[in-house]
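The structure file my_file18.cif is reproduced below (mmCIF, N, CA and C atoms).
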```cif
data_data
loop_
_atom_site.group_PDB
_atom_site.id
_atom_site.type_symbol
_atom_site.label_atom_id
_atom_site.label_comp_id
_atom_site.auth_asym_id
_atom_site.auth_seq_id
_atom_site.Cartn_x
_atom_site.Cartn_y
_atom_site.Cartn_z
ATOM 1 N N MET A 5 130.467 -107.672 307.566
ATOM 2 C CA MET A 5 131.497 -108.244 308.425
ATOM 3 C C MET A 5 132.836 -108.288 307.700
ATOM 4 N N GLY A 6 132.820 -108.631 306.401
ATOM 5 C CA GLY A 6 134.049 -108.715 305.620
ATOM 6 C C GLY A 6 134.715 -107.366 305.453
ATOM 7 N N VAL A 7 133.917 -106.301 305.267
ATOM 8 C CA VAL A 7 134.464 -104.959 305.096
ATOM 9 C C VAL A 7 135.127 -104.501 306.392
ATOM 10 N N LEU A 8 134.486 -104.775 307.516
ATOM 11 C CA LEU A 8 135.050 -104.403 308.808
ATOM 12 C C LEU A 8 136.385 -105.102 309.051
ATOM 13 N N PHE A 9 136.479 -106.361 308.637
ATOM 14 C CA PHE A 9 137.731 -107.108 308.779
ATOM 15 C C PHE A 9 138.851 -106.450 307.972
ATOM 16 N N PHE A 10 138.558 -106.070 306.735
ATOM 17 C CA PHE A 10 139.570 -105.443 305.881
ATOM 18 C C PHE A 10 139.970 -104.057 306.379
ATOM 19 N N VAL A 11 139.006 -103.328 306.948
ATOM 20 C CA VAL A 11 139.322 -102.012 307.516
ATOM 21 C C VAL A 11 140.243 -102.181 308.721
ATOM 22 N N LEU A 12 139.928 -103.129 309.600
ATOM 23 C CA LEU A 12 140.787 -103.384 310.754
ATOM 24 C C LEU A 12 142.164 -103.891 310.334
ATOM 25 N N LEU A 13 142.207 -104.750 309.340
ATOM 26 C CA LEU A 13 143.484 -105.240 308.821
ATOM 27 C C LEU A 13 144.309 -104.094 308.242
ATOM 28 N N ALA A 14 143.655 -103.188 307.516
ATOM 29 C CA ALA A 14 144.359 -102.039 306.945
ATOM 30 C C ALA A 14 144.908 -101.141 308.042
ATOM 31 N N ILE A 15 144.154 -100.953 309.113
ATOM 32 C CA ILE A 15 144.624 -100.123 310.231
ATOM 33 C C ILE A 15 145.835 -100.764 310.894
ATOM 34 N N VAL A 16 145.786 -102.059 311.106
ATOM 35 C CA VAL A 16 146.915 -102.759 311.727
ATOM 36 C C VAL A 16 148.152 -102.667 310.837
ATOM 37 N N VAL A 17 147.985 -102.869 309.545
ATOM 38 C CA VAL A 17 149.113 -102.784 308.613
ATOM 39 C C VAL A 17 149.700 -101.377 308.621
ATOM 40 N N LEU A 18 148.856 -100.349 308.604
ATOM 41 C CA LEU A 18 149.349 -98.968 308.627
ATOM 42 C C LEU A 18 150.091 -98.656 309.916
ATOM 43 N N VAL A 19 149.613 -99.171 311.039
ATOM 44 C CA VAL A 19 150.300 -98.937 312.320
ATOM 45 C C VAL A 19 151.665 -99.610 312.319
ATOM 46 N N VAL A 20 151.733 -100.849 311.829
ATOM 47 C CA VAL A 20 153.006 -101.571 311.809
ATOM 48 C C VAL A 20 153.997 -100.903 310.864
ATOM 49 N N VAL A 21 153.540 -100.561 309.663
ATOM 50 C CA VAL A 21 154.415 -99.901 308.685
ATOM 51 C C VAL A 21 154.808 -98.516 309.181
ATOM 52 N N GLY A 22 153.886 -97.789 309.789
ATOM 53 C CA GLY A 22 154.186 -96.466 310.330
ATOM 54 C C GLY A 22 155.220 -96.521 311.435
ATOM 55 N N ALA A 23 155.101 -97.517 312.307
ATOM 56 C CA ALA A 23 156.076 -97.663 313.395
ATOM 57 C C ALA A 23 157.457 -97.986 312.838
ATOM 58 N N ALA A 24 157.518 -98.836 311.822
ATOM 59 C CA ALA A 24 158.809 -99.173 311.212
ATOM 60 C C ALA A 24 159.418 -97.948 310.535
ATOM 61 N N ALA A 25 158.600 -97.178 309.827
ATOM 62 C CA ALA A 25 159.095 -95.975 309.154
ATOM 63 C C ALA A 25 159.549 -94.939 310.173
ATOM 64 N N LEU A 26 158.808 -94.794 311.250
ATOM 65 C CA LEU A 26 159.188 -93.847 312.293
ATOM 66 C C LEU A 26 160.506 -94.253 312.936
ATOM 67 N N GLY A 27 160.680 -95.541 313.158
ATOM 68 C CA GLY A 27 161.942 -96.024 313.709
ATOM 69 C C GLY A 27 163.107 -95.714 312.795
ATOM 70 N N LEU A 28 162.911 -95.854 311.487
ATOM 71 C CA LEU A 28 163.963 -95.537 310.522
ATOM 72 C C LEU A 28 164.280 -94.053 310.533
ATOM 73 N N VAL A 29 163.261 -93.223 310.574
ATOM 74 C CA VAL A 29 163.468 -91.776 310.581
ATOM 75 C C VAL A 29 164.203 -91.340 311.843
ATOM 76 N N VAL A 30 163.816 -91.874 312.981
ATOM 77 C CA VAL A 30 164.489 -91.524 314.234
ATOM 78 C C VAL A 30 165.951 -91.972 314.195
ATOM 79 N N SER A 31 166.202 -93.150 313.645
ATOM 80 C CA SER A 31 167.573 -93.639 313.535
ATOM 81 C C SER A 31 168.408 -92.740 312.621
ATOM 82 N N LEU A 32 167.851 -92.340 311.492
ATOM 83 C CA LEU A 32 168.574 -91.458 310.571
ATOM 84 C C LEU A 32 168.831 -90.092 311.196
ATOM 85 N N LEU A 33 167.861 -89.552 311.922
ATOM 86 C CA LEU A 33 168.068 -88.265 312.597
ATOM 87 C C LEU A 33 169.140 -88.369 313.678
ATOM 88 N N TRP A 34 169.163 -89.482 314.389
ATOM 89 C CA TRP A 34 170.182 -89.692 315.412
ATOM 90 C C TRP A 34 171.569 -89.701 314.781
ATOM 91 N N TRP A 35 171.719 -90.421 313.657
ATOM 92 C CA TRP A 35 173.030 -90.479 313.008
ATOM 93 C C TRP A 35 173.418 -89.134 312.410
ATOM 94 N N ALA A 36 172.445 -88.350 311.994
ATOM 95 C CA ALA A 36 172.769 -87.009 311.497
ATOM 96 C C ALA A 36 173.284 -86.124 312.629
ATOM 97 N N LEU A 37 172.670 -86.208 313.804
ATOM 98 C CA LEU A 37 173.148 -85.423 314.944
ATOM 99 C C LEU A 37 174.524 -85.892 315.398
ATOM 100 N N ILE A 38 174.714 -87.188 315.449
ATOM 101 C CA ILE A 38 176.022 -87.726 315.815
ATOM 102 C C ILE A 38 177.057 -87.331 314.756
ATOM 103 N N GLY A 39 176.612 -87.157 313.518
ATOM 104 C CA GLY A 39 177.506 -86.764 312.429
ATOM 105 C C GLY A 39 178.187 -85.429 312.661
ATOM 106 N N LEU A 40 177.538 -84.545 313.398
ATOM 107 C CA LEU A 40 178.175 -83.269 313.727
ATOM 108 C C LEU A 40 179.445 -83.503 314.541
ATOM 109 N N VAL A 41 179.349 -84.375 315.505
ATOM 110 C CA VAL A 41 180.504 -84.705 316.343
ATOM 111 C C VAL A 41 181.525 -85.511 315.549
ATOM 112 N N ILE A 42 181.026 -86.437 314.748
ATOM 113 C CA ILE A 42 181.916 -87.300 313.972
ATOM 114 C C ILE A 42 182.727 -86.491 312.960
ATOM 115 N N GLY A 43 182.122 -85.488 312.360
ATOM 116 C CA GLY A 43 182.855 -84.632 311.422
ATOM 117 C C GLY A 43 184.028 -83.937 312.105
ATOM 118 N N ALA A 44 183.792 -83.439 313.311
ATOM 119 C CA ALA A 44 184.875 -82.785 314.058
ATOM 120 C C ALA A 44 185.955 -83.790 314.437
ATOM 121 N N LEU A 45 185.549 -84.977 314.878
ATOM 122 C CA LEU A 45 186.537 -85.999 315.247
ATOM 123 C C LEU A 45 187.321 -86.482 314.028
ATOM 124 N N ALA A 46 186.639 -86.632 312.905
ATOM 125 C CA ALA A 46 187.321 -87.083 311.685
ATOM 126 C C ALA A 46 188.353 -86.050 311.240
ATOM 127 N N ARG A 47 187.993 -84.795 311.345
ATOM 128 C CA ARG A 47 188.932 -83.743 310.962
ATOM 129 C C ARG A 47 190.120 -83.719 311.926
ATOM 130 N N PHE A 48 189.871 -84.047 313.181
ATOM 131 C CA PHE A 48 190.922 -84.067 314.194
ATOM 132 C C PHE A 48 191.923 -85.194 313.941
ATOM 133 N N VAL A 49 191.460 -86.351 313.461
ATOM 134 C CA VAL A 49 192.372 -87.482 313.269
ATOM 135 C C VAL A 49 193.185 -87.365 311.988
ATOM 136 N N LEU A 50 192.788 -86.481 311.085
ATOM 137 C CA LEU A 50 193.546 -86.304 309.844
ATOM 138 C C LEU A 50 194.730 -85.379 310.081
ATOM 139 N N PRO A 51 195.919 -85.759 309.617
ATOM 140 C CA PRO A 51 197.081 -84.886 309.803
ATOM 141 C C PRO A 51 197.057 -83.716 308.826
ATOM 142 N N GLY A 52 197.624 -82.629 309.233
ATOM 143 C CA GLY A 52 197.773 -81.467 308.359
ATOM 144 C C GLY A 52 196.507 -80.641 308.251
ATOM 145 N N PRO A 53 196.654 -79.446 307.701
ATOM 146 C CA PRO A 53 195.493 -78.566 307.542
ATOM 147 C C PRO A 53 194.587 -79.032 306.399
ATOM 148 N N ARG A 54 193.320 -78.790 306.559
ATOM 149 C CA ARG A 54 192.331 -79.119 305.526
ATOM 150 C C ARG A 54 191.684 -77.812 305.079
ATOM 151 N N PRO A 55 191.710 -77.541 303.780
ATOM 152 C CA PRO A 55 191.182 -76.264 303.293
ATOM 153 C C PRO A 55 189.663 -76.260 303.099
ATOM 154 N N ILE A 56 188.928 -77.057 303.859
ATOM 155 C CA ILE A 56 187.475 -77.041 303.734
ATOM 156 C C ILE A 56 186.888 -76.337 304.946
ATOM 157 N N GLY A 57 185.730 -75.780 304.752
ATOM 158 C CA GLY A 57 185.095 -75.019 305.810
ATOM 159 C C GLY A 57 184.350 -75.893 306.808
ATOM 160 N N VAL A 58 183.771 -75.225 307.772
ATOM 161 C CA VAL A 58 183.046 -75.908 308.835
ATOM 162 C C VAL A 58 181.800 -76.596 308.290
ATOM 163 N N LEU A 59 181.079 -75.935 307.401
ATOM 164 C CA LEU A 59 179.847 -76.511 306.857
ATOM 165 C C LEU A 59 180.132 -77.807 306.102
ATOM 166 N N ARG A 60 181.158 -77.798 305.274
ATOM 167 C CA ARG A 60 181.507 -79.033 304.543
ATOM 168 C C ARG A 60 181.980 -80.116 305.497
ATOM 169 N N THR A 61 182.693 -79.743 306.553
ATOM 170 C CA THR A 61 183.113 -80.725 307.548
ATOM 171 C C THR A 61 181.901 -81.351 308.221
ATOM 172 N N ILE A 62 180.918 -80.537 308.569
ATOM 173 C CA ILE A 62 179.694 -81.057 309.180
ATOM 174 C C ILE A 62 178.958 -81.978 308.215
ATOM 175 N N LEU A 63 178.855 -81.566 306.963
ATOM 176 C CA LEU A 63 178.155 -82.397 305.968
ATOM 177 C C LEU A 63 178.874 -83.731 305.749
ATOM 178 N N PHE A 64 180.204 -83.697 305.692
ATOM 179 C CA PHE A 64 180.953 -84.948 305.555
ATOM 180 C C PHE A 64 180.827 -85.796 306.812
ATOM 181 N N GLY A 65 180.734 -85.158 307.958
ATOM 182 C CA GLY A 65 180.524 -85.892 309.203
ATOM 183 C C GLY A 65 179.175 -86.591 309.216
ATOM 184 N N ILE A 66 178.145 -85.888 308.759
ATOM 185 C CA ILE A 66 176.810 -86.496 308.685
ATOM 186 C C ILE A 66 176.810 -87.640 307.686
ATOM 187 N N ALA A 67 177.411 -87.411 306.518
ATOM 188 C CA ALA A 67 177.473 -88.479 305.509
ATOM 189 C C ALA A 67 178.277 -89.664 306.029
ATOM 190 N N GLY A 68 179.386 -89.388 306.686
ATOM 191 C CA GLY A 68 180.200 -90.465 307.249
ATOM 192 C C GLY A 68 179.456 -91.223 308.332
ATOM 193 N N ALA A 69 178.711 -90.494 309.145
ATOM 194 C CA ALA A 69 177.940 -91.147 310.205
ATOM 195 C C ALA A 69 176.868 -92.050 309.614
ATOM 196 N N LEU A 70 176.160 -91.552 308.610
ATOM 197 C CA LEU A 70 175.109 -92.370 307.998
ATOM 198 C C LEU A 70 175.703 -93.579 307.282
ATOM 199 N N LEU A 71 176.747 -93.355 306.477
ATOM 200 C CA LEU A 71 177.365 -94.483 305.766
ATOM 201 C C LEU A 71 178.034 -95.448 306.735
ATOM 202 N N GLY A 72 178.714 -94.918 307.730
ATOM 203 C CA GLY A 72 179.341 -95.773 308.732
ATOM 204 C C GLY A 72 178.316 -96.582 309.507
ATOM 205 N N GLY A 73 177.192 -95.958 309.833
ATOM 206 C CA GLY A 73 176.127 -96.677 310.520
ATOM 207 C C GLY A 73 175.544 -97.790 309.673
ATOM 208 N N ILE A 74 175.368 -97.526 308.393
ATOM 209 C CA ILE A 74 174.845 -98.549 307.481
ATOM 210 C C ILE A 74 175.833 -99.695 307.344
ATOM 211 N N ILE A 75 177.112 -99.359 307.162
ATOM 212 C CA ILE A 75 178.148 -100.397 307.027
ATOM 213 C C ILE A 75 178.241 -101.225 308.306
ATOM 214 N N ALA A 76 178.267 -100.552 309.452
ATOM 215 C CA ALA A 76 178.385 -101.264 310.730
ATOM 216 C C ALA A 76 177.170 -102.152 310.992
ATOM 217 N N ASN A 77 175.986 -101.678 310.639
ATOM 218 C CA ASN A 77 174.796 -102.511 310.804
ATOM 219 C C ASN A 77 174.823 -103.696 309.851
ATOM 220 N N ALA A 78 175.375 -103.501 308.665
ATOM 221 C CA ALA A 78 175.439 -104.595 307.695
ATOM 222 C C ALA A 78 176.382 -105.701 308.160
ATOM 223 N N ILE A 79 177.483 -105.318 308.810
ATOM 224 C CA ILE A 79 178.419 -106.344 309.285
ATOM 225 C C ILE A 79 178.153 -106.720 310.738
ATOM 226 N N ASP A 80 177.139 -106.098 311.350
ATOM 227 C CA ASP A 80 176.642 -106.451 312.675
ATOM 228 C C ASP A 80 177.722 -106.391 313.747
ATOM 229 N N VAL A 81 178.217 -105.162 313.985
ATOM 230 C CA VAL A 81 179.205 -104.946 315.043
ATOM 231 C C VAL A 81 178.538 -104.188 316.187
ATOM 232 N N GLY A 82 179.231 -104.052 317.286
ATOM 233 C CA GLY A 82 178.706 -103.344 318.446
ATOM 234 C C GLY A 82 178.664 -101.841 318.227
ATOM 235 N N SER A 83 178.068 -101.136 319.169
ATOM 236 C CA SER A 83 177.867 -99.702 319.009
ATOM 237 C C SER A 83 179.176 -98.910 319.053
ATOM 238 N N ILE A 84 180.149 -99.373 319.820
ATOM 239 C CA ILE A 84 181.431 -98.656 319.868
ATOM 240 C C ILE A 84 182.156 -98.789 318.532
ATOM 241 N N LEU A 85 182.191 -99.992 317.981
ATOM 242 C CA LEU A 85 182.807 -100.170 316.660
ATOM 243 C C LEU A 85 182.020 -99.441 315.584
ATOM 244 N N GLU A 86 180.725 -99.347 315.750
ATOM 245 C CA GLU A 86 179.899 -98.604 314.806
ATOM 246 C C GLU A 86 180.316 -97.131 314.798
ATOM 247 N N PHE A 87 180.566 -96.573 315.965
ATOM 248 C CA PHE A 87 181.010 -95.187 316.083
ATOM 249 C C PHE A 87 182.387 -95.001 315.452
ATOM 250 N N VAL A 88 183.299 -95.942 315.694
ATOM 251 C CA VAL A 88 184.649 -95.870 315.121
ATOM 252 C C VAL A 88 184.584 -95.971 313.595
ATOM 253 N N ILE A 89 183.760 -96.865 313.077
ATOM 254 C CA ILE A 89 183.613 -97.000 311.626
ATOM 255 C C ILE A 89 183.063 -95.711 311.034
ATOM 256 N N ALA A 90 182.111 -95.098 311.708
ATOM 257 C CA ALA A 90 181.545 -93.838 311.222
ATOM 258 C C ALA A 90 182.609 -92.743 311.184
ATOM 259 N N ILE A 91 183.470 -92.674 312.195
ATOM 260 C CA ILE A 91 184.557 -91.683 312.196
ATOM 261 C C ILE A 91 185.519 -91.945 311.043
ATOM 262 N N LEU A 92 185.864 -93.219 310.821
ATOM 263 C CA LEU A 92 186.787 -93.552 309.731
ATOM 264 C C LEU A 92 186.197 -93.209 308.366
ATOM 265 N N VAL A 93 184.915 -93.496 308.170
ATOM 266 C CA VAL A 93 184.272 -93.166 306.884
ATOM 267 C C VAL A 93 184.246 -91.652 306.690
ATOM 268 N N ALA A 94 183.924 -90.907 307.734
ATOM 269 C CA ALA A 94 183.924 -89.447 307.633
ATOM 270 C C ALA A 94 185.327 -88.915 307.352
ATOM 271 N N ALA A 95 186.340 -89.509 307.987
ATOM 272 C CA ALA A 95 187.725 -89.079 307.743
ATOM 273 C C ALA A 95 188.122 -89.336 306.293
ATOM 274 N N VAL A 96 187.713 -90.463 305.753
ATOM 275 C CA VAL A 96 188.006 -90.759 304.338
ATOM 276 C C VAL A 96 187.313 -89.743 303.436
ATOM 277 N N LEU A 97 186.052 -89.425 303.734
ATOM 278 C CA LEU A 97 185.341 -88.439 302.914
ATOM 279 C C LEU A 97 186.014 -87.073 302.985
ATOM 280 N N ILE A 98 186.417 -86.666 304.185
ATOM 281 C CA ILE A 98 187.084 -85.365 304.325
ATOM 282 C C ILE A 98 188.436 -85.385 303.625
ATOM 283 N N ALA A 99 189.162 -86.486 303.720
ATOM 284 C CA ALA A 99 190.475 -86.582 303.069
ATOM 285 C C ALA A 99 190.333 -86.560 301.552
ATOM 286 N N VAL A 100 189.352 -87.242 301.024
ATOM 287 C CA VAL A 100 189.194 -87.332 299.565
ATOM 288 C C VAL A 100 188.613 -86.046 298.994
ATOM 289 N N PHE A 101 187.544 -85.546 299.610
ATOM 290 C CA PHE A 101 186.863 -84.385 299.040
ATOM 291 C C PHE A 101 187.364 -83.062 299.594
ATOM 292 N N GLY A 102 188.246 -83.093 300.581
ATOM 293 C CA GLY A 102 188.781 -81.868 301.159
ATOM 294 C C GLY A 102 190.118 -81.470 300.592
ATOM 295 N N ILE A 103 190.517 -82.084 299.492
ATOM 296 C CA ILE A 103 191.800 -81.758 298.872
ATOM 297 C C ILE A 103 191.679 -80.409 298.165
ATOM 298 N N GLU A 104 192.656 -79.558 298.425
ATOM 299 C CA GLU A 104 192.665 -78.234 297.800
ATOM 300 C C GLU A 104 192.999 -78.399 296.324
ATOM 301 N N ARG A 105 192.226 -77.752 295.507
ATOM 302 C CA ARG A 105 192.467 -77.824 294.068
ATOM 303 C C ARG A 105 193.345 -76.649 293.665
ATOM 304 N N ARG A 106 194.620 -76.955 293.428
ATOM 305 C CA ARG A 106 195.583 -75.901 293.067
ATOM 306 C C ARG A 106 195.717 -75.817 291.578
ATOM 307 N N GLY A 107 195.918 -74.631 291.108
ATOM 308 C CA GLY A 107 196.169 -74.430 289.691
ATOM 309 C C GLY A 107 194.951 -74.627 288.813
ATOM 310 N N ALA A 108 193.778 -74.663 289.380
ATOM 311 C CA ALA A 108 192.578 -74.826 288.575
ATOM 312 C C ALA A 108 192.293 -73.507 287.862
ATOM 313 N N PRO A 109 192.015 -73.586 286.582
ATOM 314 C CA PRO A 109 191.736 -72.348 285.840
ATOM 315 C C PRO A 109 190.423 -71.725 286.297
ATOM 316 N N THR A 110 190.408 -70.412 286.359
ATOM 317 C CA THR A 110 189.190 -69.707 286.740
ATOM 318 C C THR A 110 188.537 -69.163 285.476
ATOM 319 N N ALA A 111 187.241 -69.130 285.511
ATOM 320 C CA ALA A 111 186.486 -68.675 284.334
ATOM 321 C C ALA A 111 186.309 -67.194 284.316
#
```

Taking this structure as input, can you express it in the form of structure tokens?
Amino acid sequence: MGVLFFVLLAIVVLVVVGAAALGLVVSLLWWALIGLVIGALARFVLPGPRPIGVLRTILFGIAGALLGGIIANAIDVGSILEFVIAILVAAVLIAVFGIERRGAPTA
């Protein structure tokens, strides 16, 4: 009887932990997909030309979306402000890491 109890308890724990992990994975995938749009919007709000390519813009958009989502969840704001924060974080990443390096010596 004791072994059956522990087996059932282990199954319940695995289901609960699995559901929580699945929820986290789905949330991260959602923010990565939204990051594609956020990267384009972040690049749009920045003035002037940016010498970075589309792939780097997408990657910064995904990073901005994930970081913005984490920050917005930490300060507990609504979904619209969460989206705006994600765009701002992506814009900062593109502005900081998208600077053209002039005069760099080549090997």

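The environment of range 44-52 of chain A within 8 Å, counting all atoms listed in the file and disregarding residues fewer than 2 places along the same chain, consists of Ile38, Gly39, Leu40, Val41, Ile42, Arg54, Pro55, Thr61, Ile62, Phe64, Gly65, Ile66, Ala90, Ile91, Leu92, Val93, Ala94, Ala95, Val96, Ile98 and Ala99 of chain A.
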
Box along x, y and z, 8 Å on every side, all listed atoms of range 26-44 of chain A inside: centre and edge lengths in Å to one decimal, as lines of an AutoDock Vina configuration file.
```
center_x = 172.4
center_y = -89.4
center_z = 313.4
size_x = 43.1
size_y = 29.2
size_z = 21.8
```

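Between atom N of Gly57 in chain A and atom C of Gly102 in chain A the separation is 8.3 Å.
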
Requested in this report: Extract the full set of helix (DSSP H, G or I) residues from range 5-107 of chain A according to DSSP on the backbone, and format it as number ranges by chain.
Outcome: A: 6-49, 58-79, 83-101

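Here CA of Pro53 in chain A stands at a distance of 13.4 Å from CA of Val100 in chain A.
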
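In this model, the gap between CA of Gly43 in chain A and CA of Leu26 in chain A comes to 25.4 Å.
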
Report summary line: With distances taken over only C-alpha atoms, the candidate from A:Val30, A:Leu37, A:Val7, A:Val19 nearest Ala69 in chain A is A:Leu37

Report summary line: From the list A:Leu13, A:Leu18, A:Ile89, A:Ala23, the nearest residue to Ala76 in chain A using all atoms listed in the file is A:Ile89

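Proximity ranking of A:Ile74, A:Leu28, A:Val11, A:Ala36 relative to Glu86 in chain A places A:Ile74 first, based on only N, CA and C atoms.
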